[in-house]
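Just final-v6.cif here, mmCIF, C-alpha atoms:
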data_protein
#
loop_
_atom_site.label_atom_id
_atom_site.label_comp_id
_atom_site.auth_asym_id
_atom_site.auth_seq_id
_atom_site.Cartn_x
_atom_site.Cartn_y
_atom_site.Cartn_z
CA MET A 1 -93.42 -87.98 -57.19
CA LYS A 2 -94.29 -85.96 -60.27
CA TYR A 3 -92.13 -83.14 -58.93
CA THR A 4 -89.21 -85.53 -58.39
CA ILE A 5 -89.50 -86.90 -61.95
CA ALA A 6 -89.66 -83.38 -63.36
CA VAL A 7 -86.54 -82.30 -61.46
CA LEU A 8 -84.73 -85.50 -62.46
CA SER A 9 -85.63 -84.88 -66.10
CA LEU A 10 -84.27 -81.36 -65.91
CA VAL A 11 -81.03 -82.56 -64.32
CA LEU A 12 -80.59 -85.31 -66.93
CA SER A 13 -81.38 -82.85 -69.71
CA ALA A 14 -78.78 -80.42 -68.40
CA ALA A 15 -76.26 -83.22 -68.08
CA TRP A 16 -76.92 -84.24 -71.68
CA SER A 17 -76.44 -80.76 -73.05
CA ALA A 18 -73.41 -79.96 -70.93
CA GLY A 19 -71.64 -83.25 -70.49
CA ALA A 20 -72.82 -85.94 -72.84
CA LEU A 21 -71.51 -84.04 -75.84
CA ALA A 22 -68.13 -83.39 -74.30
CA ALA A 23 -65.07 -84.40 -76.24
CA GLU A 24 -64.21 -88.11 -76.32
CA SER A 25 -60.63 -89.20 -75.79
CA TRP A 26 -58.87 -90.85 -78.72
CA GLY A 27 -55.56 -91.36 -76.96
CA LEU A 28 -53.70 -88.87 -79.15
CA PRO A 29 -50.27 -87.46 -78.25
CA GLU A 30 -50.52 -84.69 -75.63
CA GLU A 31 -54.28 -84.85 -76.02
CA GLU A 32 -56.41 -82.09 -74.53
CA GLU A 33 -60.20 -82.12 -74.49
CA THR A 34 -61.42 -78.67 -75.43
CA ARG A 35 -64.45 -76.53 -76.18
CA PHE A 36 -64.14 -73.00 -77.56
CA GLU A 37 -66.01 -70.35 -79.49
CA ALA A 38 -64.65 -69.13 -82.82
CA MET A 39 -65.58 -67.88 -86.26
CA VAL A 40 -65.50 -70.25 -89.22
CA VAL A 41 -63.17 -68.81 -91.86
CA ASP A 42 -61.64 -69.82 -95.17
CA THR A 43 -58.00 -70.61 -94.36
CA LEU A 44 -56.60 -69.46 -97.73
CA CYS A 45 -58.61 -66.23 -97.47
CA GLU A 46 -57.37 -65.58 -93.95
CA LEU A 47 -53.75 -66.01 -95.00
CA THR A 48 -53.69 -64.44 -98.46
CA GLY A 49 -56.74 -62.20 -98.79
CA ASP A 50 -58.06 -64.33 -101.68
CA CYS A 51 -61.66 -64.63 -100.54
CA PRO A 52 -64.36 -66.14 -102.77
CA ASP A 53 -68.00 -66.31 -101.70
CA LYS A 54 -69.10 -68.85 -99.11
CA CYS A 55 -65.55 -69.73 -98.04
CA GLY A 56 -64.98 -71.46 -101.37
CA GLY A 57 -68.23 -73.44 -101.37
CA GLY A 58 -66.88 -76.47 -99.57
CA MET A 59 -63.79 -76.87 -101.73
CA ARG A 60 -61.33 -75.14 -99.38
CA GLN A 61 -59.95 -76.10 -95.99
CA LEU A 62 -61.75 -74.10 -93.29
CA SER A 63 -60.36 -72.88 -89.99
CA LEU A 64 -61.60 -71.59 -86.66
CA LEU A 65 -60.52 -68.04 -85.77
CA THR A 66 -60.74 -67.28 -82.06
CA ASP A 67 -61.37 -63.86 -80.53
CA GLU A 68 -57.70 -63.85 -79.51
CA GLY A 69 -56.75 -64.11 -83.18
CA GLU A 70 -55.56 -67.72 -83.08
CA LEU A 71 -56.15 -69.58 -86.34
CA ILE A 72 -56.97 -73.22 -85.63
CA LEU A 73 -57.08 -75.68 -88.52
CA PRO A 74 -59.43 -78.57 -87.73
CA ILE A 75 -57.97 -81.55 -89.54
CA LYS A 76 -60.26 -84.44 -88.60
CA ASN A 77 -63.96 -85.12 -87.98
CA VAL A 78 -65.35 -88.25 -86.27
CA VAL A 79 -65.75 -90.32 -89.45
CA ALA A 80 -62.88 -92.65 -90.34
CA PHE A 81 -60.41 -90.99 -92.73
CA ALA A 82 -62.49 -87.84 -93.23
CA GLY A 83 -61.92 -84.10 -92.78
CA THR A 84 -63.93 -81.19 -91.49
CA THR A 85 -64.82 -78.86 -94.35
CA VAL A 86 -68.10 -80.69 -94.89
CA GLU A 87 -68.88 -80.23 -91.18
CA LEU A 88 -68.15 -76.48 -91.12
CA ALA A 89 -69.04 -75.17 -94.60
CA GLY A 90 -72.59 -74.30 -93.54
CA PHE A 91 -71.19 -72.07 -90.80
CA CYS A 92 -68.94 -69.94 -93.06
CA GLY A 93 -68.55 -66.50 -91.48
CA LYS A 94 -70.55 -67.53 -88.43
CA ARG A 95 -69.51 -68.07 -84.86
CA VAL A 96 -69.62 -71.63 -83.62
CA ILE A 97 -68.82 -73.55 -80.48
CA ALA A 98 -66.39 -76.31 -81.38
CA ASP A 99 -65.89 -79.32 -79.16
CA GLY A 100 -63.11 -81.83 -79.67
CA LEU A 101 -59.47 -82.61 -79.08
CA PHE A 102 -56.22 -80.76 -79.37
CA SER A 103 -53.18 -82.90 -79.93
CA THR A 104 -49.64 -81.55 -79.90
CA ASN A 105 -46.99 -83.59 -81.64
CA ARG A 106 -43.91 -82.95 -83.76
CA GLY A 107 -44.13 -79.34 -82.50
CA VAL A 108 -47.52 -78.74 -84.11
CA LYS A 109 -50.94 -78.47 -82.42
CA VAL A 110 -53.81 -80.00 -84.40
CA PHE A 111 -57.54 -80.04 -83.70
CA ALA A 112 -60.03 -82.87 -84.19
CA LEU A 113 -63.63 -81.63 -84.35
CA GLN A 114 -66.11 -83.94 -82.65
CA PHE A 115 -69.18 -81.75 -82.07
CA VAL A 116 -70.19 -78.32 -83.33
CA ARG A 117 -73.05 -75.90 -82.89
CA GLU A 118 -73.77 -72.35 -83.96
CA ALA A 119 -73.01 -69.88 -81.15
CA PRO A 120 -74.40 -69.05 -78.75
CA ASP A 121 -77.08 -71.71 -78.38
CA GLY A 122 -77.53 -73.66 -81.61
CA LYS A 123 -78.26 -77.36 -81.55
CA TRP A 124 -75.24 -79.61 -81.06
CA ARG A 125 -74.33 -81.66 -84.09
CA ARG A 126 -71.92 -84.57 -84.14
CA ALA A 127 -69.18 -83.96 -86.72
CA ASN A 128 -70.20 -86.89 -88.91
CA ARG A 129 -72.07 -85.20 -91.75
CA PHE A 130 -69.52 -86.62 -94.15
CA LEU A 131 -70.98 -90.10 -93.73
CA ASN A 132 -74.57 -89.10 -94.49
CA LEU A 133 -73.56 -87.04 -97.50
CA TRP A 134 -71.32 -89.81 -98.84
CA ALA A 135 -74.11 -92.37 -98.37
CA GLU A 136 -76.62 -90.13 -100.12
CA ALA A 137 -74.23 -89.45 -103.02
CA ASN A 138 -73.58 -93.17 -103.41
CA GLY A 139 -77.15 -94.38 -102.93
CA VAL A 140 -76.63 -96.44 -99.79
CA ASP A 141 -77.94 -96.39 -96.22
CA PRO A 142 -75.63 -94.37 -93.93
CA LYS A 143 -75.80 -97.24 -91.43
CA SER A 144 -74.87 -99.85 -94.01
CA ASN A 145 -71.51 -101.56 -93.97
CA ALA A 146 -70.81 -99.99 -97.36
CA ALA A 147 -71.11 -96.52 -95.86
CA GLN A 148 -69.27 -97.32 -92.63
CA GLN A 149 -66.42 -98.60 -94.82
CA TRP A 150 -66.80 -95.72 -97.27
CA PHE A 151 -63.04 -95.58 -97.83
CA ARG A 152 -63.08 -99.05 -99.37
CA ASN A 153 -66.17 -98.37 -101.47
CA ASP A 154 -65.62 -94.84 -102.73
CA PRO A 155 -65.48 -94.81 -106.56
CA THR A 156 -62.54 -92.38 -106.65
CA VAL A 157 -60.56 -94.45 -104.16
CA ILE A 158 -61.30 -97.65 -106.08
CA THR A 159 -60.12 -96.06 -109.34
CA ILE A 160 -56.83 -94.86 -107.81
CA ILE A 161 -56.05 -98.09 -105.94
CA GLU A 162 -56.91 -100.27 -108.95
CA ARG A 163 -54.62 -98.13 -111.11
CA ASP A 164 -51.68 -97.62 -108.72
CA GLY A 165 -52.01 -100.44 -106.19
CA LYS A 166 -52.13 -100.16 -102.41
CA LEU A 167 -48.48 -99.17 -102.33
CA GLY A 168 -48.88 -96.60 -105.10
CA THR A 169 -46.16 -98.26 -107.16
CA GLY A 170 -48.43 -100.19 -109.51
CA LYS A 171 -47.84 -103.43 -107.60
CA MET B 1 -45.06 -20.72 -117.39
CA LYS B 2 -42.65 -23.64 -117.10
CA GLN B 3 -43.30 -23.77 -113.35
CA HIS B 4 -47.07 -23.92 -113.94
CA GLY B 5 -46.55 -26.76 -116.38
CA LEU B 6 -44.39 -28.65 -113.93
CA ALA B 7 -46.92 -28.15 -111.11
CA ALA B 8 -49.75 -29.36 -113.35
CA ALA B 9 -47.76 -32.45 -114.28
CA LEU B 10 -47.02 -33.21 -110.62
CA LEU B 11 -50.69 -32.71 -109.71
CA ALA B 12 -51.76 -35.03 -112.50
CA ALA B 13 -49.27 -37.63 -111.34
CA ILE B 14 -50.55 -37.41 -107.75
CA ILE B 15 -54.18 -37.65 -108.88
CA TRP B 16 -53.32 -40.75 -110.91
CA ILE B 17 -51.03 -42.42 -108.37
CA VAL B 18 -53.11 -42.00 -105.20
CA PRO B 19 -56.27 -43.78 -106.43
CA TRP B 20 -54.12 -46.49 -108.03
CA SER B 21 -52.33 -47.09 -104.72
CA SER B 22 -55.63 -47.21 -102.84
CA ALA B 23 -57.03 -49.69 -105.31
CA GLN B 24 -54.00 -51.90 -104.79
CA ALA B 25 -54.41 -51.80 -101.02
CA ASP B 26 -58.10 -52.65 -101.29
CA THR B 27 -57.44 -56.03 -102.87
CA GLY B 28 -56.13 -57.23 -99.52
CA GLN B 29 -53.83 -59.74 -101.20
CA LYS B 30 -51.04 -60.82 -98.88
CA ALA B 31 -47.90 -62.44 -100.18
CA GLY B 32 -46.08 -65.17 -98.34
CA GLU B 33 -42.44 -66.07 -98.51
CA THR B 34 -41.43 -67.33 -101.93
CA VAL B 35 -40.02 -70.82 -101.50
CA LYS B 36 -38.99 -73.96 -103.38
CA ILE B 37 -39.70 -77.05 -101.28
CA ALA B 38 -38.66 -80.62 -101.95
CA GLY B 39 -40.44 -83.34 -100.02
CA GLU B 40 -43.04 -86.11 -99.77
CA ILE B 41 -46.75 -85.47 -100.28
CA ILE B 42 -48.39 -86.60 -97.04
CA ASP B 43 -51.64 -87.06 -95.17
CA SER B 44 -51.43 -84.35 -92.51
CA TRP B 45 -53.55 -86.10 -89.85
CA CYS B 46 -51.62 -89.36 -89.69
CA TYR B 47 -48.27 -87.57 -89.90
CA LEU B 48 -48.97 -84.93 -87.28
CA THR B 49 -50.64 -87.26 -84.76
CA GLU B 50 -48.48 -90.34 -85.51
CA ILE B 51 -51.48 -92.56 -84.90
CA MET B 52 -49.81 -94.98 -87.33
CA TYR B 53 -46.69 -95.09 -89.47
CA PRO B 54 -47.45 -92.21 -91.85
CA LEU B 55 -44.92 -92.21 -94.69
CA GLY B 56 -44.02 -93.93 -97.93
CA THR B 57 -45.54 -96.95 -99.59
CA ALA B 58 -46.67 -98.46 -96.27
CA HIS B 59 -49.07 -95.58 -95.82
CA HIS B 60 -49.99 -94.87 -99.43
CA GLN B 61 -53.46 -96.43 -99.43
CA CYS B 62 -54.37 -94.66 -96.19
CA ALA B 63 -53.09 -91.37 -97.60
CA VAL B 64 -55.41 -91.79 -100.59
CA TRP B 65 -58.36 -92.55 -98.29
CA CYS B 66 -57.65 -89.46 -96.18
CA ALA B 67 -57.15 -87.15 -99.15
CA VAL B 68 -60.41 -88.31 -100.76
CA GLY B 69 -62.10 -87.85 -97.38
CA GLY B 70 -61.05 -84.20 -97.31
CA ILE B 71 -58.28 -84.33 -94.73
CA PRO B 72 -55.71 -81.65 -95.61
CA VAL B 73 -52.93 -82.84 -97.88
CA GLY B 74 -49.46 -81.67 -96.95
CA ILE B 75 -45.87 -81.83 -98.00
CA LEU B 76 -43.18 -82.96 -95.58
CA SER B 77 -40.10 -81.06 -96.68
CA ASP B 78 -36.78 -82.86 -96.81
CA ASP B 79 -35.70 -80.73 -93.83
CA GLY B 80 -38.62 -82.11 -91.77
CA THR B 81 -41.11 -79.23 -91.87
CA PRO B 82 -44.72 -80.20 -92.64
CA TYR B 83 -46.74 -77.74 -94.76
CA ILE B 84 -50.50 -77.81 -95.38
CA LEU B 85 -51.25 -77.33 -99.08
CA LEU B 86 -53.93 -74.68 -99.63
CA SER B 87 -53.80 -74.51 -103.42
CA PHE B 88 -51.99 -76.32 -106.18
CA GLN B 89 -50.97 -74.98 -109.58
CA GLY B 90 -53.54 -72.20 -109.48
CA ASN B 91 -56.38 -74.44 -108.32
CA ASP B 92 -57.62 -73.33 -104.90
CA GLN B 93 -59.45 -76.62 -104.25
CA SER B 94 -57.76 -77.98 -101.14
CA VAL B 95 -60.46 -80.54 -100.32
CA ALA B 96 -59.88 -83.73 -102.34
CA ASN B 97 -58.07 -81.91 -105.15
CA PRO B 98 -57.85 -84.53 -107.94
CA ALA B 99 -54.30 -83.52 -108.91
CA LEU B 100 -53.12 -84.00 -105.33
CA LEU B 101 -54.91 -87.35 -105.03
CA ASP B 102 -52.65 -88.55 -107.84
CA LEU B 103 -49.52 -87.26 -106.10
CA GLN B 104 -50.00 -88.94 -102.72
CA THR B 105 -46.68 -90.28 -101.37
CA HIS B 106 -44.73 -88.87 -104.34
CA HIS B 107 -41.49 -87.01 -103.74
CA VAL B 108 -41.93 -83.66 -105.46
CA VAL B 109 -40.45 -80.22 -105.72
CA LEU B 110 -42.95 -77.36 -105.39
CA GLU B 111 -42.55 -73.63 -105.83
CA GLY B 112 -44.92 -71.23 -104.15
CA GLN B 113 -45.70 -68.97 -101.24
CA ALA B 114 -45.18 -70.19 -97.66
CA PHE B 115 -47.09 -68.86 -94.67
CA GLU B 116 -46.75 -69.58 -90.96
CA ARG B 117 -49.54 -68.95 -88.49
CA ASP B 118 -49.87 -70.12 -84.90
CA GLY B 119 -47.30 -72.85 -85.33
CA MET B 120 -48.76 -74.30 -88.55
CA HIS B 121 -46.98 -73.97 -91.90
CA TYR B 122 -49.04 -73.53 -95.07
CA LEU B 123 -48.07 -73.56 -98.73
CA VAL B 124 -49.74 -72.03 -101.76
CA ALA B 125 -48.04 -74.24 -104.34
CA ASP B 126 -47.95 -72.32 -107.60
CA ARG B 127 -45.87 -74.78 -109.59
CA LEU B 128 -44.93 -78.46 -109.61
CA VAL B 129 -41.26 -78.27 -110.53
CA GLU B 130 -40.45 -81.99 -110.28
CA ASP B 131 -42.43 -85.17 -109.72
CA ASN B 132 -40.01 -87.94 -108.75
CA GLY B 133 -42.76 -90.48 -108.15
CA ILE B 134 -42.83 -92.69 -105.07
CA THR B 135 -39.32 -93.11 -103.71
CA ASN B 136 -39.93 -93.93 -100.04
CA MET B 137 -40.34 -97.72 -99.94
CA THR B 138 -41.49 -98.46 -96.41
CA GLU B 139 -43.86 -101.41 -96.74
CA GLU B 140 -41.24 -104.05 -95.94
CA ASP B 141 -40.62 -102.47 -92.56
CA TYR B 142 -44.14 -101.30 -91.73
CA GLY B 143 -46.56 -103.44 -93.76
CA ILE B 144 -49.68 -101.78 -95.11
CA GLN B 145 -51.08 -99.20 -92.70
CA PRO B 146 -53.33 -99.25 -90.74
CA PHE B 147 -55.06 -102.61 -91.22
CA GLY B 148 -52.32 -104.70 -92.80
CA GLU B 149 -54.21 -105.12 -96.07
#
Do you think you could lay out the structure here as structure tokens?
Amino acid sequence: MKYTIAVLSLVLSAAWSAGALAAESWGLPEEEETRFEAMVVDTLCELTGDCPDKCGGGMRQLSLLTDEGELILPIKNVVAFAGTTVELAGFCGKRVIADGLFSTNRGVKVFALQFVREAPDGKWRRANRFLNLWAEANGVDPKSNAAQQWFRNDPTVITIIERDGKLGTGK
Amino acid sequence: MKQHGLAAALLAAIIWIVPWSSAQADTGQKAGETVKIAGEIIDSWCYLTEIMYPLGTAHHQCAVWCAVGGIPVGILSDDGTPYILLSFQGNDQSVANPALLDLQTHHVVLEGQAFERDGMHYLVADRLVEDNGITNMTEEDYGIQPFGE
């Protein structure tokens, strides 16, 4: 019995590490679940040769450069209305395994990052750091409604929408 | 004597030019194609995935949310090509750049360097030539995206 439980635990553990963190469908156009290894690079640096320390310290859009030389710009993390620099900045210049979705539309392929870990065997991390950092910066619980609806409660957003209106025309 | 002088001058020129050329190459700076692009400042995620109506006043609030959240800001050129903005007027902040937050949904004219890599177009926007404000009034047809309020 103990042997059976031990084997079952191992199987479940393997399933968790291999399958439970697999990409989740969002129903995007020409969606493709994917997992690949790549180096985290500063996109502007890669294109122009203008390369500050630490990939711009979290202020620049980061990309994933594959061994085949493909430059993949991750546009979205798993938090509503949030991007991926905050998820990848700590991996600048390092190799990671990225898990998420490709979507091809309007002739362009985009990537949504859902999980990431340092290659080859770092710990998987859900691409939702944005929420914790926003909650910390704004003094609220990450699980609170205020944090989950960060886009309605962000001070910068509030300032812009109060000034310009939801349509941007001042109405 | 004149020949010796000429040779010395040539040698001096070579000594001066070669290190200067090497130093230039070492900077690694790569230029893109110089362009002037007219178009609407957009939220790249919603436009490229079409998960909702992504343009004009109907999408303005969502575009502000996405830009503040660090999703790449782009410009949709009048000829239909989307570009990801990697710097703006000499500021290389492309995550929630305050100047771009204020330009969401505006129709603008930008000058800069365009790059294309693996199917994605990028723009280093050196100069804002024109800001025509918001001209694409879409809310009557599409409401307020994505929640209707």
> Selected by the PyMOL selection byres ((chain B and resi 146) around 8) in the shown coordinates: which residues, as a PyMOL selection string?
Replying inline: chain B and resi 52-53+59+62+144-145+147-149
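Closest approach to Leu110 in chain B among B:Ala96, B:Met137, B:Ala38, B:Leu48: B:Ala38, based on only C-alpha atoms.
The residue that comes closest to chain A, out of B:Asp78, B:Glu139, B:Glu33, B:Asp126 and on the basis of all atoms listed in the file, is B:Glu139.
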> When the PyMOL selection byres ((chain A and resi 81-86) around 10) is applied to the file above, which residues end up in the set, as a PyMOL selection string?
Replying inline: (chain A and resi 42+55+57-63+73-80+87-92+112-114+127-131+133+149-151) or (chain B and resi 43+45-46+62-72+94-96)
Written selection (C-alpha atoms) as a JSON list (two decimals), in the coordinates of the input:
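New file out.json:
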[["chain", "number", "residue", "atom", "x", "y", "z"],
["A", 42, "ASP", "CA", -61.64, -69.82, -95.17],
["A", 55, "CYS", "CA", -65.55, -69.73, -98.04],
["A", 57, "GLY", "CA", -68.23, -73.44, -101.37],
["A", 58, "GLY", "CA", -66.88, -76.47, -99.57],
["A", 59, "MET", "CA", -63.79, -76.87, -101.73],
["A", 60, "ARG", "CA", -61.33, -75.14, -99.38],
["A", 61, "GLN", "CA", -59.95, -76.10, -95.99],
["A", 62, "LEU", "CA", -61.75, -74.10, -93.29],
["A", 63, "SER", "CA", -60.36, -72.88, -89.99],
["A", 73, "LEU", "CA", -57.08, -75.68, -88.52],
["A", 74, "PRO", "CA", -59.43, -78.57, -87.73],
["A", 75, "ILE", "CA", -57.97, -81.55, -89.54],
["A", 76, "LYS", "CA", -60.26, -84.44, -88.60],
["A", 77, "ASN", "CA", -63.96, -85.12, -87.98],
["A", 78, "VAL", "CA", -65.35, -88.25, -86.27],
["A", 79, "VAL", "CA", -65.75, -90.32, -89.45],
["A", 80, "ALA", "CA", -62.88, -92.65, -90.34],
["A", 87, "GLU", "CA", -68.88, -80.23, -91.18],
["A", 88, "LEU", "CA", -68.15, -76.48, -91.12],
["A", 89, "ALA", "CA", -69.04, -75.17, -94.60],
["A", 90, "GLY", "CA", -72.59, -74.30, -93.54],
["A", 91, "PHE", "CA", -71.19, -72.07, -90.80],
["A", 92, "CYS", "CA", -68.94, -69.94, -93.06],
["A", 112, "ALA", "CA", -60.03, -82.87, -84.19],
["A", 113, "LEU", "CA", -63.63, -81.63, -84.35],
["A", 114, "GLN", "CA", -66.11, -83.94, -82.65],
["A", 127, "ALA", "CA", -69.18, -83.96, -86.72],
["A", 128, "ASN", "CA", -70.20, -86.89, -88.91],
["A", 129, "ARG", "CA", -72.07, -85.20, -91.75],
["A", 130, "PHE", "CA", -69.52, -86.62, -94.15],
["A", 131, "LEU", "CA", -70.98, -90.10, -93.73],
["A", 133, "LEU", "CA", -73.56, -87.04, -97.50],
["A", 149, "GLN", "CA", -66.42, -98.60, -94.82],
["A", 150, "TRP", "CA", -66.80, -95.72, -97.27],
["A", 151, "PHE", "CA", -63.04, -95.58, -97.83],
["B", 43, "ASP", "CA", -51.64, -87.06, -95.17],
["B", 45, "TRP", "CA", -53.55, -86.10, -89.85],
["B", 46, "CYS", "CA", -51.62, -89.36, -89.69],
["B", 62, "CYS", "CA", -54.37, -94.66, -96.19],
["B", 63, "ALA", "CA", -53.09, -91.37, -97.60],
["B", 64, "VAL", "CA", -55.41, -91.79, -100.59],
["B", 65, "TRP", "CA", -58.36, -92.55, -98.29],
["B", 66, "CYS", "CA", -57.65, -89.46, -96.18],
["B", 67, "ALA", "CA", -57.15, -87.15, -99.15],
["B", 68, "VAL", "CA", -60.41, -88.31, -100.76],
["B", 69, "GLY", "CA", -62.10, -87.85, -97.38],
["B", 70, "GLY", "CA", -61.05, -84.20, -97.31],
["B", 71, "ILE", "CA", -58.28, -84.33, -94.73],
["B", 72, "PRO", "CA", -55.71, -81.65, -95.61],
["B", 94, "SER", "CA", -57.76, -77.98, -101.14],
["B", 95, "VAL", "CA", -60.46, -80.54, -100.32],
["B", 96, "ALA", "CA", -59.88, -83.73, -102.34]]
Using all atoms listed in the file, what residues lie at most 12 Å away from (-37.6, -78.7, -84.8) (file coordinates), given as a PDB file with C-alpha atoms, in the frame of the given file?
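For reference, selection_4.pdb as written:
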ATOM      1  CA  ASN A 105     -46.990 -83.590 -81.640  1.00  0.00           C
ATOM      2  CA  ARG A 106     -43.910 -82.950 -83.760  1.00  0.00           C
ATOM      3  CA  GLY A 107     -44.130 -79.340 -82.500  1.00  0.00           C
ATOM      4  CA  VAL A 108     -47.520 -78.740 -84.110  1.00  0.00           C
TER       5      VAL A 108
ATOM      6  CA  ASP B  79     -35.700 -80.730 -93.830  1.00  0.00           C
ATOM      7  CA  GLY B  80     -38.620 -82.110 -91.770  1.00  0.00           C
ATOM      8  CA  THR B  81     -41.110 -79.230 -91.870  1.00  0.00           C
ATOM      9  CA  PRO B  82     -44.720 -80.200 -92.640  1.00  0.00           C
ATOM     10  CA  GLY B 119     -47.300 -72.850 -85.330  1.00  0.00           C
TER      11      GLY B 119
END
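The interatomic distance for the pair CA of Ile158 in chain A and CA of Trp26 in chain A works out to 28.3 Å.
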> By how many Å are CA of Ala137 in chain A and CA of Thr159 in chain A apart?
Replying inline: 16.8 Å
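The smallest atom-to-atom distance between Val129 in chain B and any of B:Leu55, B:Leu86, B:Ala31, B:Ile37, using all atoms listed in the file, is found for B:Ile37.
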>> So that I can see what lies close to Ile97 in chain A, please list as a ChimeraX atom specification the residues with an atom at most 8 Å from it, counting only C-alpha atoms and leaving out residues fewer than 4 positions away in the same chain.
In response: /A:35-38,116-120
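Applied to this file, the PyMOL selection byres ((chain A and resi 125) around 6) selects A:Phe115, A:Val116, A:Trp124, A:Arg126.
With CA of Glu33 in chain A on one side and CA of Lys94 in chain A on the other, the separation reads 22.7 Å.
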>> Just want the 7 Å neighbourhood of range 142-148 of chain A, counted on only C-alpha atoms, with same-chain residues fewer than 3 positions away dropped. Output as a PyMOL selection string.
In response: chain A and resi 131-132+135+153
> Nearest to chain B: which of A:Ala22, A:Val96, A:Leu101, A:Val40 is it, counting all atoms listed in the file?
Replying inline: A:Leu101
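For the choices B:Thr49, B:Ile42, B:Thr105, B:Val73, the atom-to-atom distance to Gln93 in chain B is smallest for B:Val73 when using all atoms listed in the file.
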> Within 10 Å of Arg117 in chain B, counting all atoms listed in the file, which residues qualify if same-chain residues fewer than 6 places away don't, as a ChimeraX atom specification?
Replying inline: /A:47,70-72
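Across B:Leu101, B:Ala58, B:Leu85, B:Ile41, the tightest approach to Ile160 in chain A is made by B:Leu101 when counting only C-alpha atoms.
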>> Quick one: residues within 7 Å of Thr104 in chain A, only C-alpha atoms, excluding same-chain residues fewer than 6 positions away - as a PyMOL selection string?
In response: chain A and resi 29-31+110
